[in-house]
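These notes concern the structure reproduced below.
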There are 2 protein chains.
Amino acid sequence: MIVDVGGVKIGAGVVVVQSMIKRPIDEVDRIIEDIKRLKRAGCELIRVSVPNKPSLPYFKKIVRGSVLPVIADIHFHADLALAAIDAGAAKIRINPGNIKKGGLKRIARVARRGRIPIRIGVNAGSIDRRRFATPTPEALLTTVREAVDIFAGVPLVLSAKSSDIPLTLEVYRRMKIFGFPLHIGITEAGPPFRGGIRSGVGLGILLAEGIGDTIRVSLTGDPVMEVVAAYEILNSLDLRRHGPILISCPTCSRCRVDLLRIVNKVEERISDLSLPIKIALMGCEVNGPGEARDADIGIAFGRGTGLLFKKGRVVRKVSADEAIEVLFNHLREGGEE
Amino acid sequence: MIVDVGGVKIGAGVVVVQSMIKRPIDEVDRIIEDIKRLKRAGCELIRVSVPNKPSLPYFKKIVRGSVLPVIADIHFHADLALAAIDAGAAKIRINPGNIKKGGLKRIARVARRGRIPIRIGVNAGSIDRRRFATPTPEALLTTVREAVDIFAGVPLVLSAKSSDIPLTLEVYRRMKIFGFPLHIGITEAGPPFRGGIRSGVGLGILLAEGIGDTIRVSLTGDPVMEVVAAYEILNSLDLRRHGPILISCPTCSRCRVDLLRIVNKVEERISDLSLPIKIALMGCEVNGPGEARDADIGIAFGRGTGLLFKKGRVVRKVSADEAIEVLFNHLREGGEE
């Protein structure tokens, strides 16, 4: 099944990248700017939390100003979901663990009539504790199944997430049976470095098994980092490309330059490049061009010098100080020749 | 087969964590300090590149001062491998792509006699270009096989790495046939954030399939980050624990504190904690304790306040400013009660 969210198709074979706004909802202008930045980074859908009634006028303005289809994130109150649909939400995310059955039915009626996509987003942390002592795969799957029944006839996207990766893997492998597109993510993955790694493990395993139609990497930090992380995961499995891939050697005692400083500088400068090239920054001249011969372009540094290479072939020798400028000049002049 | 590297057993069912020194080899005292820091972070084996003859006296001193077994990383020169064995290396890593067959045979003879473990470390970038036009899985596996034949009777660890993850996966799935312990890694993964994600994907997939006996995450940056990354990958698959797991919500419009700043502060302070606990830092009081109920301890922040919770149960309410101090006091007082 393919679910159309404001023109973006989930379940059509291309993994859709999404993220979430983190500012208070009344910061409308800043949020609209965030969404522009996110779109440039490759984000395709944006979710905004609508925590209460006073948020609704702000949400409406965000929907109007957004360059991406907007998903409303709704907890606790069915009425908020209905109001968000009225306000133009392209999709509603609800957590069946915190909305009463009657409320879910009301949302389902409206969504069915209007063909409004709903994500049933089950979280291990909010399953019914009176029924399920611990968040087992069965508990999560039962919670999903009951919500799917209530939402019969509605275009659905499903998720059942946990910060526990083996649990998440087991649940998602069994979620295929529902036949709806799957939203994948690792909840509360943490700060960018550790959270990026955890998400890489969990989402990488799922994607490598062909599971996942839309991805959101949850990281504490700028949502643009979430989109960069999502593409890094998709890139690394050859599923999708957005912007350059940067590879760099870990350095060893042969390295005579401050490669980390150089790599950080290059990473910053490529963040708004959409060119799908592979750039290599290597700490030594001896191994450099050879080890990185699948890179489109790169520099292998020596003592005070750098060898600019393309596809493993040395193009010219430059001073280490000007190496990065020369690299970017070559990129501007058309990339790979 | 189990390979004993200075008392650390590779292939015995526990994935061994290793890293590599990045300083020039003549900085002996600093390197010995690095190794102490790495050991505290959970590193179990350390590799040092021995680039040339003048490095040997320094290497000898490092071996003598190191709190971890030291592996010598050797390229190009068979004589350096033999000298590193003399200097007390617990294991030698060679790249069969850049040492001549006669040299490999000389190393094999000495290693066989002395039962010196050898890692045959093939890299996609340095396979013989005259024989293999591109680094296909067959090219890498053939290169490994030929070296394994030369080193018959030597305790071996094998690796065949690439910065291309699908290639790496295919090669490692077929490396099992050799019957030797496998060293896994993704070469030139890049700077910490992107490289951590790429390594998480590649190494996570392998480890989830039961492939990998020792792991080194290659990142441009402090080698301690490599060890943190390795444990984050192992943690996330419930394979090994070292130190706390930090989970934190990605924040949304409900969040009223600067959670990223708080998370960064906590991440810094836990870096030398070996307590295997799960800490949660959540941006809102409403979802916080519930969503993070599998955490041993955590704080759910509200407007100016924080709820300290343990295993999903609220223990006390504190001001947001003092929340972190209270958290660490509870940790010092014995963790989980």
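Scheme for the structure tokens: letters A, B, ... for chains in order shown; per-chain residue numbers from 1; ligand numbers from 1 in order shown.
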
Q | Shell around Gly243 of chain A at 7 Å using only C-alpha atoms, local window under 2 positions removed, as a PyMOL selection string | A | chain A and resi 241+245+273-277

Q: Output the contact residues of chain B with respect to chain A at a cut-off of 7 Å, based on only C-alpha atoms, as an MDAnalysis selection string.
A: chainID B and resid 21:25 49 51 125:126 165:166 188:194 196:198 200:201 204:205 218:221 229 232:233 236:237 246:254 260 263 290:293

What does the file look like for those residues with C-alpha atoms, as a PDB file, in the first residue's frame?
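File written: selection.pdb
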ATOM      1  CA  ILE B  21      47.354   5.155  18.511  1.00  0.00           C
ATOM      2  CA  LYS B  22      47.375   8.241  16.327  1.00  0.00           C
ATOM      3  CA  ARG B  23      50.340  10.227  17.629  1.00  0.00           C
ATOM      4  CA  PRO B  24      53.801  10.191  16.057  1.00  0.00           C
ATOM      5  CA  ILE B  25      55.550   7.183  17.554  1.00  0.00           C
ATOM      6  CA  SER B  49      51.855   1.812  13.515  1.00  0.00           C
ATOM      7  CA  PRO B  51      56.355   2.982   9.872  1.00  0.00           C
ATOM      8  CA  GLY B 125      42.169  -0.016  -1.603  1.00  0.00           C
ATOM      9  CA  SER B 126      45.399  -1.992  -1.701  1.00  0.00           C
ATOM     10  CA  ILE B 165      29.518  -1.126   3.358  1.00  0.00           C
ATOM     11  CA  PRO B 166      27.569  -3.492   1.058  1.00  0.00           C
ATOM     12  CA  GLU B 188      38.008   5.511   6.628  1.00  0.00           C
ATOM     13  CA  ALA B 189      34.559   5.826   8.154  1.00  0.00           C
ATOM     14  CA  GLY B 190      35.147   9.535   8.633  1.00  0.00           C
ATOM     15  CA  PRO B 191      34.617  12.124  11.366  1.00  0.00           C
ATOM     16  CA  PRO B 192      32.892  11.017  14.602  1.00  0.00           C
ATOM     17  CA  PHE B 193      29.237  11.829  13.845  1.00  0.00           C
ATOM     18  CA  ARG B 194      29.045  10.554  10.261  1.00  0.00           C
ATOM     19  CA  GLY B 196      29.958   6.627  13.917  1.00  0.00           C
ATOM     20  CA  ILE B 197      26.705   6.214  12.006  1.00  0.00           C
ATOM     21  CA  ARG B 198      28.380   4.434   9.065  1.00  0.00           C
ATOM     22  CA  GLY B 200      26.980   1.520  13.391  1.00  0.00           C
ATOM     23  CA  VAL B 201      25.260   0.411  10.195  1.00  0.00           C
ATOM     24  CA  GLY B 204      25.806  -3.545  13.589  1.00  0.00           C
ATOM     25  CA  ILE B 205      24.598  -5.651  10.663  1.00  0.00           C
ATOM     26  CA  SER B 218      37.932   3.822  12.703  1.00  0.00           C
ATOM     27  CA  LEU B 219      37.127   7.471  13.347  1.00  0.00           C
ATOM     28  CA  THR B 220      39.055  10.618  12.629  1.00  0.00           C
ATOM     29  CA  GLY B 221      39.550  11.965  16.177  1.00  0.00           C
ATOM     30  CA  ALA B 229      31.544   3.989  19.587  1.00  0.00           C
ATOM     31  CA  GLU B 232      27.709   1.837  21.853  1.00  0.00           C
ATOM     32  CA  ILE B 233      27.360  -0.647  18.969  1.00  0.00           C
ATOM     33  CA  SER B 236      22.818  -1.584  21.451  1.00  0.00           C
ATOM     34  CA  LEU B 237      22.747  -5.259  20.450  1.00  0.00           C
ATOM     35  CA  LEU B 246      22.461   7.542  27.992  1.00  0.00           C
ATOM     36  CA  ILE B 247      19.086   7.944  26.346  1.00  0.00           C
ATOM     37  CA  SER B 248      17.442  11.295  25.789  1.00  0.00           C
ATOM     38  CA  CYS B 249      14.357  12.415  23.956  1.00  0.00           C
ATOM     39  CA  PRO B 250      14.790  14.342  20.714  1.00  0.00           C
ATOM     40  CA  THR B 251      12.670  17.125  22.313  1.00  0.00           C
ATOM     41  CA  CYS B 252       9.615  18.687  20.719  1.00  0.00           C
ATOM     42  CA  SER B 253       7.545  21.806  21.196  1.00  0.00           C
ATOM     43  CA  ARG B 254       6.668  20.579  24.702  1.00  0.00           C
ATOM     44  CA  LEU B 260      21.005  19.395  24.482  1.00  0.00           C
ATOM     45  CA  VAL B 263      22.659  16.037  27.825  1.00  0.00           C
ATOM     46  CA  GLY B 290       6.618   6.498  31.242  1.00  0.00           C
ATOM     47  CA  GLU B 291       8.453   6.544  27.942  1.00  0.00           C
ATOM     48  CA  ALA B 292      11.735   5.891  29.726  1.00  0.00           C
ATOM     49  CA  ARG B 293      10.544   3.296  32.153  1.00  0.00           C
TER      50      ARG B 293
END

**Q.** Who sits within 8 Å of Val5 of chain B, only C-alpha atoms, same chain under 3 positions skipped, as a list in words
**A.** Val8, Lys9, Ile10, Pro69, Ala90, Lys91 and Pro117 of chain B

Q. What is the atom CA of His77 of chain A-atom CA of Leu158 of chain A distance in Å, reported with one decimal?
A. 19.4 Å

Q: Could you find all residues in segment 47-216 of chain A that DSSP calls strand (DSSP E or B) from the backbone, and write them as a PyMOL selection string?
A: chain A and resi 47-49+70-74+91-94+118-123+156-161+182-184+189+214-215

Saved selection, atoms kept: C-alpha atoms, as a PDB file, in the first residue's frame:
ATOM      1  CA  ARG A  47       6.261  16.724  12.046  1.00  0.00           C
ATOM      2  CA  VAL A  48       5.111  19.344  14.536  1.00  0.00           C
ATOM      3  CA  SER A  49       3.805  18.562  17.995  1.00  0.00           C
ATOM      4  CA  VAL A  70       3.263  18.997   7.812  1.00  0.00           C
ATOM      5  CA  ILE A  71       2.375  16.101  10.104  1.00  0.00           C
ATOM      6  CA  ALA A  72       0.637  16.887  13.415  1.00  0.00           C
ATOM      7  CA  ASP A  73       1.897  14.943  16.428  1.00  0.00           C
ATOM      8  CA  ILE A  74      -1.032  14.381  18.773  1.00  0.00           C
ATOM      9  CA  LYS A  91      -1.080  13.454   8.186  1.00  0.00           C
ATOM     10  CA  ILE A  92      -1.759  12.867  11.867  1.00  0.00           C
ATOM     11  CA  ARG A  93       0.457  10.884  14.177  1.00  0.00           C
ATOM     12  CA  ILE A  94      -1.372   9.453  17.148  1.00  0.00           C
ATOM     13  CA  ILE A 118      -2.754   8.458  10.058  1.00  0.00           C
ATOM     14  CA  ARG A 119       0.386   7.124  11.636  1.00  0.00           C
ATOM     15  CA  ILE A 120      -0.340   4.694  14.419  1.00  0.00           C
ATOM     16  CA  GLY A 121       2.754   5.337  16.490  1.00  0.00           C
ATOM     17  CA  VAL A 122       3.060   2.849  19.320  1.00  0.00           C
ATOM     18  CA  ASN A 123       5.865   3.407  21.846  1.00  0.00           C
ATOM     19  CA  LEU A 156      -2.151   4.042   7.592  1.00  0.00           C
ATOM     20  CA  VAL A 157       1.541   4.181   8.377  1.00  0.00           C
ATOM     21  CA  LEU A 158       2.639   2.060  11.338  1.00  0.00           C
ATOM     22  CA  SER A 159       5.406   2.302  13.894  1.00  0.00           C
ATOM     23  CA  ALA A 160       6.174   0.483  17.139  1.00  0.00           C
ATOM     24  CA  LYS A 161       9.334   1.900  18.604  1.00  0.00           C
ATOM     25  CA  LEU A 182       6.317   1.242   8.142  1.00  0.00           C
ATOM     26  CA  HIS A 183       7.820   4.279   9.852  1.00  0.00           C
ATOM     27  CA  ILE A 184      11.111   3.274  11.460  1.00  0.00           C
ATOM     28  CA  ALA A 189      18.438   7.474  20.836  1.00  0.00           C
ATOM     29  CA  THR A 214       9.949   6.286   6.048  1.00  0.00           C
ATOM     30  CA  ILE A 215      12.730   7.059   8.497  1.00  0.00           C
TER      31      ILE A 215
END

For Ala41 of chain B, work out the shell of residues within 8 Å, counting only C-alpha atoms and skipping chain neighbours fewer than 4 positions away, then give it as a PDB file with all heavy atoms, in the first residue's frame.
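Saved file around07.pdb follows:
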ATOM      1  N   ARG B  37      44.218   5.873  29.244  1.00  0.00           N
ATOM      2  CA  ARG B  37      42.873   6.440  29.033  1.00  0.00           C
ATOM      3  C   ARG B  37      41.997   5.452  28.262  1.00  0.00           C
ATOM      4  O   ARG B  37      40.827   5.262  28.560  1.00  0.00           O
ATOM      5  CB  ARG B  37      42.950   7.737  28.216  1.00  0.00           C
ATOM      6  CG  ARG B  37      43.327   8.975  28.993  1.00  0.00           C
ATOM      7  CD  ARG B  37      42.977  10.239  28.202  1.00  0.00           C
ATOM      8  NE  ARG B  37      43.518  10.218  26.850  1.00  0.00           N
ATOM      9  CZ  ARG B  37      42.814  10.472  25.752  1.00  0.00           C
ATOM     10  NH1 ARG B  37      41.532  10.774  25.823  1.00  0.00           N
ATOM     11  NH2 ARG B  37      43.392  10.424  24.561  1.00  0.00           N
ATOM     12  N   VAL B 224      39.733   7.444  21.994  1.00  0.00           N
ATOM     13  CA  VAL B 224      38.730   7.102  23.016  1.00  0.00           C
ATOM     14  C   VAL B 224      37.325   7.102  22.406  1.00  0.00           C
ATOM     15  O   VAL B 224      36.473   6.280  22.770  1.00  0.00           O
ATOM     16  CB  VAL B 224      38.821   8.062  24.232  1.00  0.00           C
ATOM     17  CG1 VAL B 224      37.604   7.918  25.140  1.00  0.00           C
ATOM     18  CG2 VAL B 224      40.097   7.775  25.032  1.00  0.00           C
ATOM     19  N   VAL B 227      36.502   3.808  20.990  1.00  0.00           N
ATOM     20  CA  VAL B 227      36.126   2.806  21.992  1.00  0.00           C
ATOM     21  C   VAL B 227      34.689   3.050  22.465  1.00  0.00           C
ATOM     22  O   VAL B 227      33.891   2.107  22.596  1.00  0.00           O
ATOM     23  CB  VAL B 227      37.125   2.826  23.167  1.00  0.00           C
ATOM     24  CG1 VAL B 227      36.693   1.868  24.270  1.00  0.00           C
ATOM     25  CG2 VAL B 227      38.521   2.474  22.662  1.00  0.00           C
ATOM     26  N   VAL B 228      34.354   4.319  22.691  1.00  0.00           N
ATOM     27  CA  VAL B 228      32.973   4.660  23.055  1.00  0.00           C
ATOM     28  C   VAL B 228      32.019   4.170  21.963  1.00  0.00           C
ATOM     29  O   VAL B 228      30.983   3.558  22.243  1.00  0.00           O
ATOM     30  CB  VAL B 228      32.820   6.186  23.268  1.00  0.00           C
ATOM     31  CG1 VAL B 228      31.354   6.585  23.399  1.00  0.00           C
ATOM     32  CG2 VAL B 228      33.606   6.639  24.502  1.00  0.00           C
ATOM     33  N   HIS B 242      29.734  -1.548  28.676  1.00  0.00           N
ATOM     34  CA  HIS B 242      30.783  -0.866  29.419  1.00  0.00           C
ATOM     35  C   HIS B 242      30.299   0.535  29.712  1.00  0.00           C
ATOM     36  O   HIS B 242      30.095   1.328  28.799  1.00  0.00           O
ATOM     37  CB  HIS B 242      32.098  -0.822  28.639  1.00  0.00           C
ATOM     38  CG  HIS B 242      33.234  -0.267  29.454  1.00  0.00           C
ATOM     39  ND1 HIS B 242      33.513   1.064  29.538  1.00  0.00           N
ATOM     40  CD2 HIS B 242      34.110  -0.895  30.272  1.00  0.00           C
ATOM     41  CE1 HIS B 242      34.552   1.238  30.353  1.00  0.00           C
ATOM     42  NE2 HIS B 242      34.928   0.069  30.804  1.00  0.00           N
ATOM     43  N   SER B 271      31.557   9.915  31.169  1.00  0.00           N
ATOM     44  CA  SER B 271      32.519   9.246  30.286  1.00  0.00           C
ATOM     45  C   SER B 271      33.507   8.373  31.059  1.00  0.00           C
ATOM     46  O   SER B 271      34.060   7.437  30.517  1.00  0.00           O
ATOM     47  CB  SER B 271      33.252  10.256  29.412  1.00  0.00           C
ATOM     48  OG  SER B 271      34.060  11.076  30.218  1.00  0.00           O
ATOM     49  N   ASP B 272      33.741   8.660  32.360  1.00  0.00           N
ATOM     50  CA  ASP B 272      34.635   7.780  33.106  1.00  0.00           C
ATOM     51  C   ASP B 272      33.898   6.939  34.160  1.00  0.00           C
ATOM     52  O   ASP B 272      34.507   6.398  35.068  1.00  0.00           O
ATOM     53  CB  ASP B 272      35.802   8.556  33.724  1.00  0.00           C
ATOM     54  CG  ASP B 272      35.331   9.694  34.600  1.00  0.00           C
ATOM     55  OD1 ASP B 272      34.102   9.902  34.675  1.00  0.00           O
ATOM     56  OD2 ASP B 272      36.181  10.367  35.197  1.00  0.00           O
TER      57      ASP B 272
END

Q. Per DSSP on the backbone, what are the alpha helix (DSSP H) residues of segment 207-285 of chain A, as JSON, numbers by chain?
A. {"A": [207, 208, 223, 224, 225, 226, 227, 228, 229, 230, 231, 232, 233, 234, 235, 236, 259, 260, 261, 262, 263, 264, 265, 266, 267, 268, 269, 270]}

Q: Just the residues within 6 Å of Gln18 of chain A, please, counting only C-alpha atoms, with nothing from its chain fewer than 3 positions along; format it as a list in words.
A: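 Everything that qualifies: Cys43, Glu44, Leu45, Ile46 and Arg216 of chain A.
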
Keeping only N, CA, C and O atoms, write the selected residues as a PDB file, in the first residue's frame.
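Generated output (out_14.pdb):
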ATOM      1  N   CYS A  43      15.236  16.806   3.825  1.00  0.00           N
ATOM      2  CA  CYS A  43      14.040  16.371   4.558  1.00  0.00           C
ATOM      3  C   CYS A  43      12.808  16.481   3.648  1.00  0.00           C
ATOM      4  O   CYS A  43      12.704  17.411   2.852  1.00  0.00           O
ATOM      5  N   GLU A  44      11.892  15.516   3.764  1.00  0.00           N
ATOM      6  CA  GLU A  44      10.744  15.482   2.852  1.00  0.00           C
ATOM      7  C   GLU A  44       9.394  15.653   3.531  1.00  0.00           C
ATOM      8  O   GLU A  44       8.414  16.033   2.900  1.00  0.00           O
ATOM      9  N   LEU A  45       9.356  15.355   4.818  1.00  0.00           N
ATOM     10  CA  LEU A  45       8.137  15.552   5.603  1.00  0.00           C
ATOM     11  C   LEU A  45       8.556  16.109   6.956  1.00  0.00           C
ATOM     12  O   LEU A  45       9.598  15.727   7.483  1.00  0.00           O
ATOM     13  N   ILE A  46       7.722  16.986   7.527  1.00  0.00           N
ATOM     14  CA  ILE A  46       8.087  17.535   8.833  1.00  0.00           C
ATOM     15  C   ILE A  46       6.926  17.348   9.816  1.00  0.00           C
ATOM     16  O   ILE A  46       5.766  17.543   9.465  1.00  0.00           O
ATOM     17  N   ARG A 216      12.830   8.347  10.524  1.00  0.00           N
ATOM     18  CA  ARG A 216      13.156   9.537  11.289  1.00  0.00           C
ATOM     19  C   ARG A 216      14.178   9.131  12.339  1.00  0.00           C
ATOM     20  O   ARG A 216      13.924   8.237  13.152  1.00  0.00           O
TER      21      ARG A 216
END

Q: Would you kindly return, as a ChimeraX atom specification, each protein, DNA or RNA residue with an atom no farther than 8 Å from any atom of Arg316 of chain A, considering only C-alpha atoms and excluding same-chain residues fewer than 6 positions away?
A: /A:307-309
